[in-house]
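Engineer: Just passing along the structure, written as structure tokens.
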2 protein chains.
Amino acid sequence: MKDEQIEAVAKILKSMSHPIRLKILCLLRDRELSVGDIRNEVETTNANVSQHLNILRNQGIIDFRKDANFIYNRISDKRILDLILKMQKLFCPELGK
Amino acid sequence: MKDEQIEAVAKILKSMSHPIRLKILCLLRDRELSVGDIRNEVETTNANVSQHLNILRNQGIIDFRKDANFIYNRISDKRILDLILKMQKLFCPELGK
DNA sequence: ATGGTATTAAATTGATTACTAAAATAAACC
DNA sequence: GGTTTATTTTAGTAATCAATTTAATACCAT
């Protein structure tokens, strides 16, 4: 791996390495969810979820669409999806798939 | 994934998400290296390498053996090795393997 | 033991990050 | 228009992290 690539991957890992953000990514594994949906699963405030979503968006990991006054989020980078699946297999093998 | 597992995996990712530490893990992918060897590859001081190695050791990611006044480090967690390989495939596909 | 190399530990400093609460935006509904 | 709901932004504070310097320790060779 070249140093540039190392830097880039490290940034991605960093953005995934917060418990709330990792949980968000797991929740979005195979569906899209609104900010409020996520806040119900993660015990924190709306504003906090919004901030974490922003970090993931700026990193290009997730994308969103608007519908009425809801914002639905989903994972936009296939590689991140693969990585999440791999991590679940490695660290939580009891989960199907 | 249960919350406990999320926390644990997040901690692992966090310890991997620093450029120097990620580079160290890549260097150790298929061999063991001394602190001095690593310092030659990563442009920083001995003390800094040592601190980063310590973080990885405390996380249980790497292990070491002593030989004379050298300390040889290697990845001790097979899952981390798998994860590194997966990340290289995903983000640096031009690398063989 | 002494000198030299390799490694670790401690302490300081500066930078980054996370959370909270409050204010702002935006779109629906009555 | 005014209210409600959903989300975002801003500002402030506290906490954590990273790099450097300095001091300390461990090991080998002579």
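Going through the structure tokens in order, the chains are called A, B, and so on, while each chain numbers its residues from 1 and the ligands are numbered from 1 in the order shown.
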Could I have chain B as a CSV table (one decimal) with C-alpha atoms, in the first residue's frame after it is superimposed on chain A by least squares, pairing all C-alpha atoms in sequence order?
Structural biologist:
```csv
chain,number,residue,atom,x,y,z
B,1,MET,CA,0.0,0.0,0.0
B,2,LYS,CA,1.3,3.4,-0.9
B,3,ASP,CA,1.3,6.1,1.7
B,4,GLU,CA,-1.5,8.1,0.1
B,5,GLN,CA,-3.7,5.0,0.2
B,6,ILE,CA,-2.8,4.4,3.8
B,7,GLU,CA,-3.8,7.9,4.6
B,8,ALA,CA,-7.1,7.5,2.8
B,9,VAL,CA,-8.0,4.2,4.4
B,10,ALA,CA,-7.0,5.4,7.8
B,11,LYS,CA,-9.4,8.3,7.4
B,12,ILE,CA,-12.2,5.9,6.4
B,13,LEU,CA,-11.5,3.7,9.4
B,14,LYS,CA,-11.4,6.7,11.7
B,15,SER,CA,-14.8,7.8,10.6
B,16,MET,CA,-16.1,4.3,11.2
B,17,SER,CA,-14.4,3.9,14.6
B,18,HIS,CA,-16.9,5.7,16.8
B,19,PRO,CA,-19.4,3.4,18.4
B,20,ILE,CA,-22.4,5.5,17.3
B,21,ARG,CA,-21.2,5.8,13.8
B,22,LEU,CA,-20.3,2.1,13.6
B,23,LYS,CA,-23.8,1.2,14.9
B,24,ILE,CA,-25.4,3.5,12.3
B,25,LEU,CA,-23.5,1.7,9.6
B,26,CYS,CA,-24.7,-1.6,10.9
B,27,LEU,CA,-28.2,-0.4,11.0
B,28,LEU,CA,-27.9,0.8,7.5
B,29,ARG,CA,-26.5,-2.5,6.3
B,30,ASP,CA,-29.5,-3.6,4.3
B,31,ARG,CA,-32.0,-0.7,4.5
B,32,GLU,CA,-32.3,3.0,4.6
B,33,LEU,CA,-33.4,4.9,7.7
B,34,SER,CA,-34.3,8.4,8.6
B,35,VAL,CA,-32.5,10.5,11.2
B,36,GLY,CA,-35.4,9.9,13.6
B,37,ASP,CA,-35.3,6.2,13.0
B,38,ILE,CA,-31.6,6.1,13.9
B,39,ARG,CA,-32.1,8.3,17.0
B,40,ASN,CA,-34.6,5.7,18.2
B,41,GLU,CA,-32.1,2.9,17.9
B,42,VAL,CA,-29.1,4.8,19.2
B,43,GLU,CA,-29.7,6.4,22.6
B,44,THR,CA,-28.7,10.0,22.0
B,45,THR,CA,-30.1,13.3,20.8
B,46,ASN,CA,-31.1,14.2,17.3
B,47,ALA,CA,-28.4,16.7,17.0
B,48,ASN,CA,-25.8,14.2,17.9
B,49,VAL,CA,-27.0,11.7,15.3
B,50,SER,CA,-27.0,14.5,12.8
B,51,GLN,CA,-23.4,15.4,13.5
B,52,HIS,CA,-22.3,11.8,13.2
B,53,LEU,CA,-24.2,11.4,9.9
B,54,ASN,CA,-22.5,14.5,8.6
B,55,ILE,CA,-19.1,13.0,9.3
B,56,LEU,CA,-20.1,9.9,7.4
B,57,ARG,CA,-21.4,12.0,4.5
B,58,ASN,CA,-18.3,14.1,4.3
B,59,GLN,CA,-16.3,10.9,4.1
B,60,GLY,CA,-18.5,9.7,1.2
B,61,ILE,CA,-19.6,6.7,3.1
B,62,ILE,CA,-23.4,7.4,3.2
B,63,ASP,CA,-25.8,9.2,0.9
B,64,PHE,CA,-29.4,10.4,1.5
B,65,ARG,CA,-32.6,11.2,-0.2
B,66,LYS,CA,-35.3,13.6,0.9
B,67,ASP,CA,-38.9,12.7,1.1
B,68,ALA,CA,-41.3,15.2,2.6
B,69,ASN,CA,-39.5,16.4,5.8
B,70,PHE,CA,-37.7,13.1,6.3
B,71,ILE,CA,-34.2,12.4,5.2
B,72,TYR,CA,-33.5,8.7,4.4
B,73,ASN,CA,-29.9,7.6,4.7
B,74,ARG,CA,-28.1,4.7,3.1
B,75,ILE,CA,-24.6,3.4,2.6
B,76,SER,CA,-23.4,4.6,-0.7
B,77,ASP,CA,-20.0,3.0,-0.9
B,78,LYS,CA,-20.1,-0.7,-1.8
B,79,ARG,CA,-16.7,-1.3,-0.3
B,80,ILE,CA,-17.9,-0.1,3.0
B,81,LEU,CA,-20.8,-2.5,2.9
B,82,ASP,CA,-18.3,-5.3,2.1
B,83,LEU,CA,-16.1,-4.2,5.0
B,84,ILE,CA,-19.1,-4.2,7.4
B,85,LEU,CA,-20.1,-7.7,6.3
B,86,LYS,CA,-16.5,-8.9,6.7
B,87,MET,CA,-16.2,-7.4,10.2
B,88,GLN,CA,-19.5,-9.0,11.2
B,89,LYS,CA,-18.3,-12.3,10.0
B,90,LEU,CA,-15.0,-12.0,11.8
B,91,PHE,CA,-16.1,-10.5,15.1
B,92,CYS,CA,-19.7,-11.7,15.4
B,93,PRO,CA,-19.8,-15.1,13.7
B,94,GLU,CA,-23.0,-16.1,15.4
B,95,LEU,CA,-24.9,-13.7,13.1
B,96,GLY,CA,-26.3,-15.4,10.1
B,97,LYS,CA,-24.4,-14.2,7.0
```
Engineer: Would you mind listing, for every residue of chain D within 10 Å of range 4-21 of chain C, the two atoms forming the shortest contact and the distance between them in Å to one decimal, using only C-alpha atoms (C1' of nucleotides), sorted by chain and ascending residue number, as CSV?
Structural biologist:
```
residue,atom,partner,partner_atom,distance
D:DA11,C1',C:DA21,C1',9.6
D:DG12,C1',C:DT20,C1',9.1
D:DT13,C1',C:DT20,C1',9.1
D:DA14,C1',C:DC19,C1',8.7
D:DA15,C1',C:DA18,C1',7.7
D:DT16,C1',C:DT17,C1',7.1
D:DC17,C1',C:DT16,C1',7.3
D:DA18,C1',C:DA15,C1',8.0
D:DA19,C1',C:DT13,C1',9.2
D:DT20,C1',C:DT12,C1',8.6
D:DT21,C1',C:DT12,C1',8.4
D:DT22,C1',C:DA11,C1',8.6
D:DA23,C1',C:DA10,C1',7.9
D:DA24,C1',C:DA9,C1',7.2
D:DT25,C1',C:DT8,C1',7.2
D:DA26,C1',C:DT7,C1',7.7
D:DC27,C1',C:DA6,C1',8.3
D:DC28,C1',C:DT5,C1',8.8
D:DA29,C1',C:DG4,C1',9.0
```
Engineer: Can you work out which residues from chain D touch chain A at a cut-off of 8 Å (counting only C-alpha atoms (C1' of nucleotides)) and hand them back as a list in words?
Structural biologist: DT5, DA6, DT7 and DT8 of chain D
Engineer: Can you list, as a VMD selection string, every residue of range 5-95 of chain B that DSSP puts in strand (DSSP E or B)?
Structural biologist: chain B and resid 33 to 34 62 to 67 70 to 75
Engineer: The selected residues should be written to file as a PDB file, in the first residue's frame (atoms: C-alpha atoms).
Structural biologist:
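Writing done, so here's out00.pdb:
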```
ATOM      1  CA  LEU B  33       9.839  -6.545  12.303  1.00  0.00           C
ATOM      2  CA  SER B  34      11.796  -4.874  15.079  1.00  0.00           C
ATOM      3  CA  ILE B  62       0.112  -7.457  17.939  1.00  0.00           C
ATOM      4  CA  ASP B  63       2.498  -9.559  19.954  1.00  0.00           C
ATOM      5  CA  PHE B  64       6.282  -9.571  20.246  1.00  0.00           C
ATOM      6  CA  ARG B  65       9.258 -11.718  21.050  1.00  0.00           C
ATOM      7  CA  LYS B  66      12.602 -10.611  22.377  1.00  0.00           C
ATOM      8  CA  ASP B  67      15.901 -11.597  20.818  1.00  0.00           C
ATOM      9  CA  PHE B  70      15.733  -6.415  19.618  1.00  0.00           C
ATOM     10  CA  ILE B  71      12.025  -6.796  19.919  1.00  0.00           C
ATOM     11  CA  TYR B  72      10.313  -8.429  17.004  1.00  0.00           C
ATOM     12  CA  ASN B  73       6.660  -7.603  16.490  1.00  0.00           C
ATOM     13  CA  ARG B  74       3.989  -9.525  14.668  1.00  0.00           C
ATOM     14  CA  ILE B  75       0.251  -9.536  14.250  1.00  0.00           C
TER      15      ILE B  75
END
```
Engineer: Taking only C-alpha atoms (C1' of nucleotides) into account, report as a short mmCIF file (atom, residue, chain, number, x, y, z; two decimals) with C-alpha atoms (C1' of nucleotides), in the first residue's frame which residues of chain C lie within 8 Å of chain A.
Structural biologist:
```
data_model
loop_
_atom_site.label_atom_id
_atom_site.label_comp_id
_atom_site.auth_asym_id
_atom_site.auth_seq_id
_atom_site.Cartn_x
_atom_site.Cartn_y
_atom_site.Cartn_z
"C1'" DC C 19 -21.61 16.12 23.55
"C1'" DA C 26 -37.61 23.44 5.90
"C1'" DA C 27 -41.59 21.06 4.78
"C1'" DA C 28 -45.99 19.32 6.11
#
```
Engineer: Any chance you could list, as number ranges by chain, the residues in range 30-92 of chain A that come up helix (DSSP H, G or I) when DSSP is run on the backbone?
Structural biologist: A: 35-41, 46-58, 78-91
Engineer: Could you take the residues named above and write them with C-alpha atoms, as a PDB file, in the first residue's frame?
Structural biologist:
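Below you can see selection-v4.pdb, which holds the result:
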```
ATOM      1  CA  VAL A  35     -32.539  10.397  11.194  1.00  0.00           C
ATOM      2  CA  GLY A  36     -35.361   9.814  13.650  1.00  0.00           C
ATOM      3  CA  ASP A  37     -35.297   6.060  13.062  1.00  0.00           C
ATOM      4  CA  ILE A  38     -31.618   6.052  13.872  1.00  0.00           C
ATOM      5  CA  ARG A  39     -32.091   8.175  16.954  1.00  0.00           C
ATOM      6  CA  ASN A  40     -34.573   5.620  18.254  1.00  0.00           C
ATOM      7  CA  GLU A  41     -31.985   2.848  17.967  1.00  0.00           C
ATOM      8  CA  ASN A  46     -31.196  14.168  17.181  1.00  0.00           C
ATOM      9  CA  ALA A  47     -28.471  16.758  16.875  1.00  0.00           C
ATOM     10  CA  ASN A  48     -25.837  14.240  17.823  1.00  0.00           C
ATOM     11  CA  VAL A  49     -27.048  11.737  15.239  1.00  0.00           C
ATOM     12  CA  SER A  50     -27.121  14.487  12.675  1.00  0.00           C
ATOM     13  CA  GLN A  51     -23.519  15.378  13.418  1.00  0.00           C
ATOM     14  CA  HIS A  52     -22.344  11.814  13.120  1.00  0.00           C
ATOM     15  CA  LEU A  53     -24.250  11.405   9.863  1.00  0.00           C
ATOM     16  CA  ASN A  54     -22.496  14.489   8.574  1.00  0.00           C
ATOM     17  CA  ILE A  55     -19.106  12.988   9.275  1.00  0.00           C
ATOM     18  CA  LEU A  56     -20.053   9.858   7.360  1.00  0.00           C
ATOM     19  CA  ARG A  57     -21.432  11.931   4.496  1.00  0.00           C
ATOM     20  CA  ASN A  58     -18.329  14.059   4.211  1.00  0.00           C
ATOM     21  CA  LYS A  78     -20.141  -0.696  -1.823  1.00  0.00           C
ATOM     22  CA  ARG A  79     -16.681  -1.258  -0.332  1.00  0.00           C
ATOM     23  CA  ILE A  80     -17.876  -0.063   3.055  1.00  0.00           C
ATOM     24  CA  LEU A  81     -20.761  -2.486   2.849  1.00  0.00           C
ATOM     25  CA  ASP A  82     -18.322  -5.303   2.099  1.00  0.00           C
ATOM     26  CA  LEU A  83     -16.151  -4.225   4.978  1.00  0.00           C
ATOM     27  CA  ILE A  84     -19.073  -4.177   7.410  1.00  0.00           C
ATOM     28  CA  LEU A  85     -20.103  -7.657   6.324  1.00  0.00           C
ATOM     29  CA  LYS A  86     -16.549  -8.916   6.733  1.00  0.00           C
ATOM     30  CA  MET A  87     -16.268  -7.415  10.191  1.00  0.00           C
ATOM     31  CA  GLN A  88     -19.539  -8.977  11.251  1.00  0.00           C
ATOM     32  CA  LYS A  89     -18.335 -12.353  10.018  1.00  0.00           C
ATOM     33  CA  LEU A  90     -15.005 -11.990  11.810  1.00  0.00           C
ATOM     34  CA  PHE A  91     -16.146 -10.517  15.097  1.00  0.00           C
TER      35      PHE A  91
END
```
